[in-house]
Structure formats: C-alpha cells, structure tokens
$ cat run_31.txt   # compact mmCIF, C-alpha atoms and all ligand atoms
# COMPACT_ATOMS: atom_id res chain seq x y z
CA MET F 1 121.69 112.44 106.56
CA ASP F 2 122.25 110.28 103.48
CA VAL F 3 122.56 106.90 105.18
CA ILE F 4 121.81 105.60 108.67
CA THR F 5 123.21 102.25 109.73
CA LEU F 6 123.04 100.27 112.95
CA GLY F 7 125.18 97.53 114.40
CA GLU F 8 128.02 96.48 116.65
CA SER F 9 131.62 97.64 116.43
CA MET F 10 134.33 95.96 118.46
CA VAL F 11 138.00 96.23 119.26
CA LEU F 12 140.02 93.68 117.28
CA PHE F 13 143.23 92.33 118.84
CA THR F 14 145.84 90.72 116.60
CA PRO F 15 149.03 89.10 117.99
CA LYS F 16 152.07 90.93 116.65
CA ALA F 17 153.92 87.62 116.16
CA SER F 18 153.39 86.65 112.54
CA SER F 19 152.05 83.14 113.34
CA GLY F 20 151.44 80.58 116.08
CA LEU F 21 148.95 80.00 118.88
CA MET F 22 147.73 83.12 120.64
CA ARG F 23 148.51 81.68 124.08
CA TYR F 24 152.16 82.53 123.38
CA ALA F 25 151.44 86.08 122.21
CA GLY F 26 152.73 88.88 124.42
CA ASP F 27 152.13 91.85 122.15
CA PHE F 28 148.96 92.71 120.28
CA SER F 29 148.00 95.41 117.86
CA THR F 30 144.45 96.75 118.06
CA LYS F 31 141.95 98.13 115.58
CA ILE F 32 138.28 99.04 115.47
CA ALA F 33 136.12 96.70 113.42
CA GLY F 34 132.44 96.60 112.54
CA ALA F 35 130.76 96.04 109.18
CA GLU F 36 128.17 98.79 109.64
CA SER F 37 130.58 101.45 110.91
CA ASN F 38 132.95 100.53 108.03
CA VAL F 39 130.14 101.32 105.57
CA ALA F 40 129.42 104.62 107.34
CA ILE F 41 133.12 105.58 107.25
CA GLY F 42 133.32 104.61 103.57
CA LEU F 43 130.39 106.89 102.78
CA VAL F 44 131.83 109.84 104.69
CA ARG F 45 135.12 109.44 102.86
CA LEU F 46 133.22 109.63 99.57
CA GLY F 47 131.65 112.91 100.67
CA HIS F 48 128.30 111.79 102.12
CA GLN F 49 126.66 112.17 105.50
CA ALA F 50 126.28 108.96 107.48
CA GLY F 51 125.03 108.15 110.97
CA TRP F 52 125.72 105.04 113.07
CA ILE F 53 123.33 103.78 115.77
CA SER F 54 124.75 101.46 118.44
CA ARG F 55 125.37 100.71 122.09
CA LEU F 56 128.84 100.62 123.61
CA GLY F 57 130.04 99.59 127.04
CA ASN F 58 130.77 102.52 129.32
CA ASP F 59 134.42 101.45 129.34
CA GLU F 60 137.74 102.38 127.77
CA PHE F 61 137.12 100.25 124.66
CA GLY F 62 133.71 101.85 124.16
CA ARG F 63 135.26 105.32 124.46
CA ARG F 64 137.94 104.37 121.96
CA ILE F 65 135.42 103.08 119.41
CA LEU F 66 133.28 106.18 119.73
CA SER F 67 136.28 108.51 119.32
CA PHE F 68 137.47 106.61 116.29
CA ILE F 69 134.15 106.53 114.45
CA ARG F 70 133.34 110.13 115.38
CA GLY F 71 136.86 111.10 114.28
CA GLU F 72 136.13 109.68 110.84
CA GLY F 73 133.23 112.11 110.56
CA VAL F 74 130.32 109.74 111.17
CA ASP F 75 127.38 111.11 113.16
CA VAL F 76 127.35 109.24 116.49
CA SER F 77 124.65 111.28 118.20
CA GLU F 78 122.43 108.17 118.49
CA VAL F 79 125.09 105.97 120.13
CA LYS F 80 124.36 105.10 123.76
CA PHE F 81 126.68 103.97 126.54
CA ASP F 82 125.50 101.00 128.60
CA ASP F 83 126.66 100.89 132.25
CA SER F 84 125.80 97.25 132.75
CA ALA F 85 127.51 95.55 129.79
CA SER F 86 130.98 95.58 128.21
CA THR F 87 132.10 96.54 124.73
CA GLY F 88 132.59 93.50 122.48
CA LEU F 89 136.12 92.36 121.64
CA PHE F 90 137.56 89.83 119.23
CA PHE F 91 140.90 88.25 118.49
CA LYS F 92 142.32 87.11 115.18
CA GLU F 93 145.12 84.53 115.37
CA LYS F 94 147.24 83.73 112.36
CA LEU F 95 148.01 80.08 113.13
CA THR F 96 150.02 79.41 109.98
CA ALA F 97 150.61 81.33 106.75
CA ASP F 98 147.18 80.34 105.45
CA GLU F 99 145.15 79.41 108.54
CA ALA F 100 143.46 82.06 110.69
CA ARG F 101 141.13 81.72 113.68
CA VAL F 102 138.71 84.28 115.07
CA SER F 103 137.59 84.23 118.73
CA TYR F 104 134.72 86.48 119.79
CA TYR F 105 134.22 87.95 123.26
CA ARG F 106 130.93 89.60 122.40
CA LYS F 107 128.25 87.46 124.06
CA ASP F 108 126.01 89.75 126.14
CA SER F 109 128.01 92.74 124.90
CA ALA F 110 126.57 96.22 125.20
CA ALA F 111 125.57 96.21 121.52
CA SER F 112 123.69 92.92 121.99
CA LYS F 113 121.48 94.76 124.50
CA MET F 114 120.13 97.18 121.88
CA THR F 115 116.36 97.41 121.97
CA SER F 116 113.84 99.09 119.73
CA ALA F 117 113.60 101.84 122.39
CA ASP F 118 117.08 102.89 121.20
CA LEU F 119 115.62 103.95 117.85
CA ASP F 120 114.69 107.56 117.26
CA GLU F 121 112.18 107.31 114.44
CA ALA F 122 112.64 110.95 113.45
CA TYR F 123 116.38 110.33 112.98
CA ILE F 124 115.77 107.41 110.60
CA SER F 125 113.01 109.26 108.71
CA LYS F 126 115.45 111.97 107.65
CA ALA F 127 117.78 109.56 105.85
CA LYS F 128 117.73 108.54 102.19
CA TYR F 129 118.81 104.97 102.97
CA LEU F 130 118.81 102.66 105.99
CA HIS F 131 121.70 100.16 105.81
CA ILE F 132 121.41 96.95 107.81
CA THR F 133 123.33 93.69 107.96
CA GLY F 134 122.57 90.14 109.00
CA ILE F 135 125.11 90.42 111.82
CA THR F 136 122.94 92.62 114.06
CA PRO F 137 119.87 90.30 114.23
CA ALA F 138 122.23 87.42 115.12
CA LEU F 139 123.45 89.20 118.26
CA SER F 140 120.29 88.75 120.35
CA GLU F 141 116.52 88.57 120.12
CA SER F 142 116.23 92.24 121.13
CA CYS F 143 118.70 93.19 118.37
CA ARG F 144 116.64 91.22 115.84
CA GLU F 145 113.52 93.09 116.95
CA THR F 146 115.40 96.40 116.76
CA VAL F 147 116.50 95.76 113.18
CA LEU F 148 112.96 94.74 112.18
CA LYS F 149 111.51 97.84 113.77
CA ALA F 150 114.08 100.08 112.06
CA VAL F 151 113.25 98.48 108.70
CA LYS F 152 109.50 98.83 109.20
CA HIS F 153 109.91 102.41 110.23
CA ALA F 154 112.17 103.21 107.27
CA LYS F 155 109.70 101.69 104.85
CA SER F 156 106.77 103.63 106.26
CA ALA F 157 108.80 106.85 106.04
CA GLY F 158 109.84 106.20 102.43
CA VAL F 159 113.50 105.54 103.36
CA LYS F 160 115.04 102.84 101.13
CA VAL F 161 116.45 99.80 102.88
CA ILE F 162 119.71 98.17 101.78
CA PHE F 163 120.58 94.82 103.33
CA ASP F 164 123.88 92.92 103.40
CA PRO F 165 123.22 89.38 104.75
CA ASN F 166 126.82 89.12 106.08
CA LEU F 167 126.28 85.55 107.30
CA ARG F 168 128.22 84.84 110.52
CA ARG F 169 127.93 81.11 111.16
CA LYS F 170 129.50 81.39 114.61
CA LEU F 171 126.63 83.54 115.87
CA TRP F 172 123.60 81.34 115.16
CA SER F 173 122.31 78.07 113.71
CA GLU F 174 121.99 77.70 109.93
CA THR F 175 118.25 77.16 110.16
CA ARG F 176 117.64 80.30 112.20
CA ALA F 177 120.06 82.34 110.09
CA ARG F 178 118.30 81.33 106.86
CA GLU F 179 114.87 82.12 108.29
CA VAL F 180 115.77 85.60 109.59
CA LEU F 181 117.99 86.59 106.65
CA LEU F 182 115.29 85.61 104.14
CA GLU F 183 112.73 87.67 106.03
CA LEU F 184 114.98 90.76 105.99
CA ALA F 185 115.96 90.15 102.34
CA GLY F 186 112.25 90.14 101.51
CA MET F 187 111.68 93.48 103.23
CA ALA F 188 114.73 95.26 101.76
CA ASP F 189 114.70 97.31 98.57
CA ILE F 190 118.24 96.25 97.68
CA VAL F 191 120.05 93.11 98.84
CA LEU F 192 123.85 92.83 98.67
CA PRO F 193 124.73 89.16 99.25
CA GLY F 194 128.04 87.49 98.53
CA VAL F 195 127.47 84.71 96.00
CA ASP F 196 128.10 82.08 98.72
CA GLU F 197 125.45 83.73 100.93
CA ALA F 198 122.96 83.74 98.05
CA GLU F 199 123.63 80.02 97.55
CA PHE F 200 123.17 79.43 101.28
CA LEU F 201 119.81 81.21 101.25
CA PHE F 202 118.30 79.63 98.14
CA GLY F 203 120.27 76.41 97.56
CA GLU F 204 120.94 77.31 93.92
CA SER F 205 124.18 78.28 92.21
CA ASP F 206 123.28 79.85 88.88
CA HIS F 207 123.48 83.67 89.02
CA GLU F 208 120.27 84.33 87.10
CA THR F 209 118.28 81.83 89.15
CA LEU F 210 119.63 83.32 92.37
CA GLY F 211 118.92 86.87 91.23
CA GLN F 212 115.34 85.96 90.34
CA ALA F 213 114.92 84.18 93.68
CA PHE F 214 115.73 87.42 95.54
CA LEU F 215 113.31 89.39 93.37
CA ASP F 216 110.57 86.80 93.90
CA ASN F 217 111.28 86.99 97.64
CA GLY F 218 110.40 90.71 97.60
CA ALA F 219 113.49 92.85 96.83
CA SER F 220 113.50 95.38 93.96
CA ALA F 221 117.17 94.76 93.21
CA VAL F 222 119.88 92.30 94.15
CA ILE F 223 123.58 93.01 93.74
CA MET F 224 125.54 89.80 94.21
CA LYS F 225 129.25 90.16 95.01
CA LEU F 226 131.58 87.99 92.93
CA GLY F 227 135.01 88.92 94.35
CA LYS F 228 137.47 90.18 91.72
CA GLU F 229 134.98 89.37 88.93
CA GLY F 230 132.78 92.23 90.17
CA ALA F 231 129.07 91.76 90.80
CA TYR F 232 125.93 90.31 89.26
CA VAL F 233 122.90 92.62 89.28
CA ALA F 234 119.25 91.65 88.90
CA SER F 235 116.79 94.53 88.77
CA GLU F 236 114.09 95.97 86.57
CA GLU F 237 116.53 98.58 85.25
CA PHE F 238 119.47 96.28 84.45
CA SER F 239 120.43 92.64 84.83
CA GLY F 240 123.85 91.15 84.19
CA ILE F 241 127.46 91.19 85.34
CA VAL F 242 129.18 94.48 86.16
CA PRO F 243 132.88 93.61 85.76
CA GLY F 244 135.27 94.42 88.61
CA PHE F 245 138.73 95.96 88.67
CA PRO F 246 140.69 92.76 89.40
CA VAL F 247 143.43 93.03 92.02
CA GLU F 248 145.62 89.92 91.73
CA ASP F 249 147.99 90.69 94.57
CA VAL F 250 145.50 91.25 97.41
CA THR F 251 146.95 92.70 100.63
CA ASP F 252 143.88 92.12 102.83
CA PRO F 253 140.47 91.01 101.49
CA VAL F 254 138.53 91.82 104.69
CA GLY F 255 136.28 94.84 104.41
CA ALA F 256 135.94 94.64 100.61
CA GLY F 257 132.23 93.88 100.97
CA ASP F 258 131.68 96.89 103.25
CA GLY F 259 133.62 99.16 100.89
CA PHE F 260 131.55 97.76 98.03
CA ALA F 261 128.33 98.64 99.89
CA ALA F 262 129.60 102.18 100.54
CA GLY F 263 130.53 102.59 96.86
CA CYS F 264 127.16 101.34 95.58
CA LEU F 265 125.26 103.54 98.03
CA SER F 266 127.40 106.53 97.11
CA GLY F 267 126.54 106.06 93.45
CA LEU F 268 122.83 105.68 94.17
CA ILE F 269 122.81 108.79 96.37
CA ASP F 270 124.53 110.70 93.55
CA GLY F 271 121.73 109.60 91.21
CA LEU F 272 123.75 107.17 89.08
CA ALA F 273 122.01 104.31 87.29
CA ILE F 274 122.36 101.00 89.12
CA LYS F 275 125.06 99.71 86.75
CA GLU F 276 127.26 102.77 87.30
CA ALA F 277 126.60 102.68 91.05
CA VAL F 278 127.77 99.06 91.13
CA GLN F 279 130.88 100.04 89.15
CA ARG F 280 131.62 102.51 91.93
CA GLY F 281 131.09 99.70 94.45
CA ASN F 282 133.52 97.49 92.53
CA GLY F 283 136.09 100.29 92.53
CA VAL F 284 135.88 100.85 96.28
CA GLY F 285 135.87 97.09 97.02
CA ALA F 286 139.00 96.62 94.91
CA MET F 287 140.81 99.53 96.58
CA VAL F 288 140.02 98.15 100.06
CA THR F 289 141.77 94.86 99.15
CA MET F 290 144.94 96.80 98.35
CA ALA F 291 145.49 98.04 101.92
CA ASP F 292 145.77 96.33 105.30
CA GLY F 293 142.68 96.78 107.48
CA ASP F 294 138.97 97.34 106.86
CA VAL F 295 138.93 101.12 106.45
CA GLU F 296 142.53 102.04 105.61
CA GLY F 297 141.98 101.50 101.89
CA LEU F 298 138.67 103.38 101.62
CA PRO F 299 139.19 106.13 99.02
CA ASP F 300 137.85 109.64 98.61
CA LEU F 301 135.99 110.34 95.37
CA LYS F 302 139.03 111.78 93.58
CA ARG F 303 141.26 108.75 94.25
CA LEU F 304 138.37 106.42 93.41
CA THR F 305 137.76 108.16 90.09
CA ASN F 306 141.46 108.00 89.24
CA PHE F 307 141.58 104.32 90.16
CA MET F 308 138.54 103.51 88.06
CA GLN F 309 140.13 105.30 85.13
CA ARG F 310 143.15 103.08 85.66
CA ASP F 311 145.67 105.89 86.05
CA TYR F 312 145.67 105.68 89.81
CA LEU F 313 149.43 105.15 89.99
CA ASN F 314 149.86 108.71 88.73
CA ASP F 315 148.08 109.91 91.84
CA VAL F 316 150.54 108.51 94.41
P1 LIG R 1 133.88 90.63 102.92
O1 LIG R 1 134.93 89.57 103.09
O2 LIG R 1 134.40 92.01 103.13
O3 LIG R 1 132.60 90.35 103.65
P2 LIG R 1 132.37 89.79 100.63
O4 LIG R 1 132.64 88.32 100.72
O5 LIG R 1 131.07 90.31 101.08
O6 LIG R 1 133.53 90.60 101.36
P3 LIG R 1 133.68 89.98 98.06
O7 LIG R 1 133.01 89.40 96.86
O8 LIG R 1 134.88 89.29 98.57
O9 LIG R 1 132.55 90.25 99.16
O10 LIG R 1 134.13 91.46 97.73
C1 LIG R 1 133.22 92.50 97.58
C2 LIG R 1 133.52 93.29 96.34
O11 LIG R 1 134.85 93.84 96.46
C3 LIG R 1 133.52 92.48 95.06
O12 LIG R 1 132.21 92.38 94.53
C4 LIG R 1 134.45 93.32 94.20
O13 LIG R 1 133.76 94.44 93.71
C5 LIG R 1 135.49 93.79 95.20
N1 LIG R 1 136.63 92.85 95.27
C6 LIG R 1 136.83 91.86 96.18
N2 LIG R 1 137.98 91.21 95.92
C7 LIG R 1 138.53 91.80 94.83
C8 LIG R 1 139.74 91.60 94.07
N3 LIG R 1 140.63 90.66 94.36
N4 LIG R 1 139.96 92.41 93.02
C9 LIG R 1 139.08 93.38 92.69
N5 LIG R 1 137.94 93.62 93.36
C10 LIG R 1 137.67 92.85 94.42
$ encode --input "run_31.txt" --output "structure tokens" --more "lines below"
Ligand code: ATP
Amino acid sequence: MDVITLGESMVLFTPKASSGLMRYAGDFSTKIAGAESNVAIGLVRLGHQAGWISRLGNDEFGRRILSFIRGEGVDVSEVKFDDSASTGLFFKEKLTADEARVSYYRKDSAASKMTSADLDEAYISKAKYLHITGITPALSESCRETVLKAVKHAKSAGVKVIFDPNLRRKLWSETRAREVLLELAGMADIVLPGVDEAEFLFGESDHETLGQAFLDNGASAVIMKLGKEGAYVASEEFSGIVPGFPVEDVTDPVGAGDGFAAGCLSGLIDGLAIKEAVQRGNGVGAMVTMADGDVEGLPDLKRLTNFMQRDYLNDV
C-alpha cells in the first residue's frame, strides 16, 4: 500500500432546486463526500495503491459509501460496519446565487465511534505514508485518540505522516481546534494547511513566518495552499512559491485541497523532489475545480501530464 488514510465519509444531499430554503425542496441529488476518501480516490486514479480506514453504519447509506469507495479501487478491507450507530449525512442548501449553508447530521455517527482498537498496526506499517486530517479528531474524543495512535504507530514503523488541518469550525471550539491541530502538525512530517488555516494556527500572515512556525513546531516540511496562486513550500530542500495553473472560471472549488494532497503525495511516492511534487498537487487541485463534485475532476496521470503541459484541450 502506498498511502493509508482514515476518516469519515458521508452521503451529501443537495436540493435539485437551484436556490431557496431546503424546507421547500422535494427532490435531492446525492453524492458521497469525505476528505480522506477523496484523497484515496485521487491517489488510485493516479496509479497508486491507497487504503481507507473507517466505520460506517450498518445501513443503506453505509453500504452505498462502501460500494462507491471500493468501486473506485480503494482498499476498504479495514472498514467496519457498526450495528449501533448510523452513517453520517449532510445537506448543502444553495440559499441564493452566492450563499450556501451546510447542515450536518453526523453527531454520534458510526465514524465518530472509531476507537484505537479499529487500527490494525500491521496494515499501517506496510504503507509509505499515513494521511490524516483535522476533521477526524474533531468528531469525538475516541476519534482523536485513534488518530494519535495511528500517527504514533506510523512514526515508530517509519511510515511518513502527512497532515491536512482541514479546520471545520462547526465541529469544535476554536481553542480546542487550535490545541489539537497544533499537536498533530508538530507530529507530522509534512503539513498541508490552507493559508487561512495557517493564520488561524499561528496568528501570523506572512508566508515565510508561517512556514518557519510550522518547522519550529516540529514538521520537516509545510506546503501551504494559496488557491489559484499555487502553494508556498518551506522545507530543508526548497522554500518558496510553486506557482499554480490558474483556473479563472471555476466550476466547483470544493475538493481542490484533497486533489492537491493526492497530487503532492503521488509525486513524493514517485520520488519527485518536493517542488515537482507540489507542481503535481497544483495540477490536480486546478483540474478538480474544473468539474462539479469532489472526485469527478480527479485526473489520471496521462490527463494530468497533458494539463500541466497546457495542451490538455487536445486531449478531449
Ligand atoms: P478545499 O476547499 O478543497 O478544502 P483548500 O482551501 O484546502 O481547498 P485551496 O487553496 O482552495 O485549498 O486549493 C488547493 C489547491 O488547489 C491550491 O493550492 C491550488 O493548487 C489548487 N487550486 C485551487 N483553486 C484553484 C484555481 N482557481 N485555479 C488553479 N488552481 C487552484
């Protein structure tokens, strides 16, 4: 296995009506959403082996999520069904053309019941990277302990840890979020914050100062996401901006960060230098913004290479 990740995936319901309060919605479209499974799917599409650890409710939504993620080629052998809790759901209302609202139905979900007993240490030891996000520790105390245990185990087995803070303000208080995210950022080899998350964690805004703050906190490298500008890297090997592939007419920005993580990891697994790996991340992130949905825009390596060489239109 190249990468193991762990976290919650949910069914996302979106009213089919283009705008307005959800109480009036009769028809919904549904999709599967989860930052960690998006990264795993992105990696598989780029030709790598990825495994996803989670718990799902023993219900129709849980079955659907498992089929979907397995169908994308991700190893789901470590996913457990929980008979006493439901699969998490969430709803995204488009209130007006530029105002959206997300409502979670995930409290006490099956995934929030994950415990460190769900971890098979031998499974994690065989990976090259463990990918974690700041969403999982926000789900419950037992999830926080599970993530910590997975990280400690990975480190003792020589598996590199890559951490995306993915701050979700609805899930916990700012004080607790900062405390836990800083602890995980200090244990990770590579941290992948958005620039706003980096500012939240360290209260600074200058890229170099923020980059140094992550290194001083314990990481070997930080790759800070800057939207269409690309990313700022601070590491022993290289520090500076890696320019993006700007998409001006974005179709759907959600999932760009997960695609970016998959692209960076893919480059690192293939032995690229950090700068080139981040270029790959920028390419995948940009392509994700050009399609509706979190995973629909994730490219295979051939389309990604064509896109990064700027002749991608010839490929369609
Ligand atoms: P998410 O909303 O998925 O959590 P994020 O906030 O973590 O994303 P962003 O900075 O929005 O992260 O995007 C991640 C990466 O995707 C960027 O660093 C960049 O490489 C790419 N990207 C995002 N938006 C664009 C864009 N408009 N044009 C080109 N590339 C983009």
$ closest_residue --input "run_31.txt" --among "F:Arg23, F:Arg45, F:Arg168, F:Lys128" --to "ligand LIG 1 (chain R)" --atoms "only C-alpha atoms and all ligand atoms"
F:Arg168
$ residues_near_point --input "run_31.txt" --point "(117.7, 109.5, 107.9)" --cutoff "9 Å" --atoms "all atoms listed in the file" --output "list of chain:residue names"
F:Met1, F:Asp2, F:Val3, F:Ile4, F:Ala50, F:Gly51, F:Glu121, F:Ala122, F:Tyr123, F:Ile124, F:Ser125, F:Lys126, F:Ala127, F:Lys128, F:Tyr129, F:Leu130, F:Ala154, F:Val159
$ closest_residue --input "run_31.txt" --among "F:Leu201, F:Val247, F:Leu43, F:Val102" --to "F:Thr175" --atoms "all atoms listed in the file"
F:Leu201
$ closest_residue --input "run_31.txt" --among "F:Ser37, F:Asn306, F:Asn166, F:Thr209" --to "ligand LIG 1 (chain R)" --atoms "all atoms listed in the file"
F:Asn166
$ closest_atom_pairs --input "run_31.txt" --of "chain F" --to "ligand LIG 1 (chain R)" --cutoff "7 Å" --atoms "all atoms listed in the file" --output "tab-separated table"
residue	atom	partner	partner_atom	distance
F:Asn166	CA	R:LIG1	O3	6.4
F:Pro193	CA	R:LIG1	O5	6.7
F:Gly194	CA	R:LIG1	O5	4.9
F:Lys225	CA	R:LIG1	O12	3.7
F:Leu226	CA	R:LIG1	O7	4.4
F:Gly227	CA	R:LIG1	O7	3.2
F:Lys228	CA	R:LIG1	C8	3.6
F:Glu229	CA	R:LIG1	C4	6.6
F:Gly230	CA	R:LIG1	O13	4.3
F:Ala231	CA	R:LIG1	O12	4.9
F:Gly244	CA	R:LIG1	O13	5.3
F:Phe245	CA	R:LIG1	C9	4.8
F:Pro246	CA	R:LIG1	N4	3.7
F:Val247	CA	R:LIG1	N4	3.7
F:Glu248	CA	R:LIG1	N3	5.7
F:Val250	CA	R:LIG1	N3	5.8
F:Pro253	CA	R:LIG1	O1	5.9
F:Val254	CA	R:LIG1	O2	4.4
F:Gly255	CA	R:LIG1	O2	3.6
F:Ala256	CA	R:LIG1	O2	4.0
F:Gly257	CA	R:LIG1	O6	3.5
F:Asp258	CA	R:LIG1	O2	5.6
F:Phe260	CA	R:LIG1	C2	5.2
F:Gly281	CA	R:LIG1	O13	5.9
F:Asn282	CA	R:LIG1	O13	3.3
F:Gly283	CA	R:LIG1	O13	6.4
F:Gly285	CA	R:LIG1	O11	3.5
F:Ala286	CA	R:LIG1	N5	3.5
F:Thr289	CA	R:LIG1	N2	6.2
$ closest_residue --input "run_31.txt" --among "F:Leu66, F:Met10, F:Leu301, F:Leu95" --to "F:Ile32" --atoms "all atoms listed in the file"
F:Met10
$ decode --input "run_31.txt" --residues "stretch 71-91 of chain F" --atoms "C-alpha atoms" --output "PDB file, in the first residue's frame"
ATOM      1  CA  GLY F  71     -15.647   0.744  -6.783  1.00  0.00           C
ATOM      2  CA  GLU F  72     -13.059   3.488  -7.202  1.00  0.00           C
ATOM      3  CA  GLY F  73     -10.372   0.928  -6.394  1.00  0.00           C
ATOM      4  CA  VAL F  74      -9.555   1.940  -2.817  1.00  0.00           C
ATOM      5  CA  ASP F  75      -8.757  -0.873  -0.376  1.00  0.00           C
ATOM      6  CA  VAL F  76     -11.634  -0.979   2.141  1.00  0.00           C
ATOM      7  CA  SER F  77     -10.612  -4.155   3.945  1.00  0.00           C
ATOM      8  CA  GLU F  78     -10.199  -2.208   7.218  1.00  0.00           C
ATOM      9  CA  VAL F  79     -13.653  -0.571   7.121  1.00  0.00           C
ATOM     10  CA  LYS F  80     -16.033  -1.826   9.811  1.00  0.00           C
ATOM     11  CA  PHE F  81     -19.822  -1.734   9.985  1.00  0.00           C
ATOM     12  CA  ASP F  82     -21.318  -0.552  13.274  1.00  0.00           C
ATOM     13  CA  ASP F  83     -24.725  -2.013  14.220  1.00  0.00           C
ATOM     14  CA  SER F  84     -25.474   0.586  16.862  1.00  0.00           C
ATOM     15  CA  ALA F  85     -24.861   3.876  15.012  1.00  0.00           C
ATOM     16  CA  SER F  86     -25.928   5.431  11.702  1.00  0.00           C
ATOM     17  CA  THR F  87     -23.894   6.621   8.757  1.00  0.00           C
ATOM     18  CA  GLY F  88     -23.351  10.397   8.794  1.00  0.00           C
ATOM     19  CA  LEU F  89     -25.304  12.579   6.368  1.00  0.00           C
ATOM     20  CA  PHE F  90     -25.124  16.221   5.387  1.00  0.00           C
ATOM     21  CA  PHE F  91     -27.134  18.677   3.352  1.00  0.00           C
TER      22      PHE F  91
END
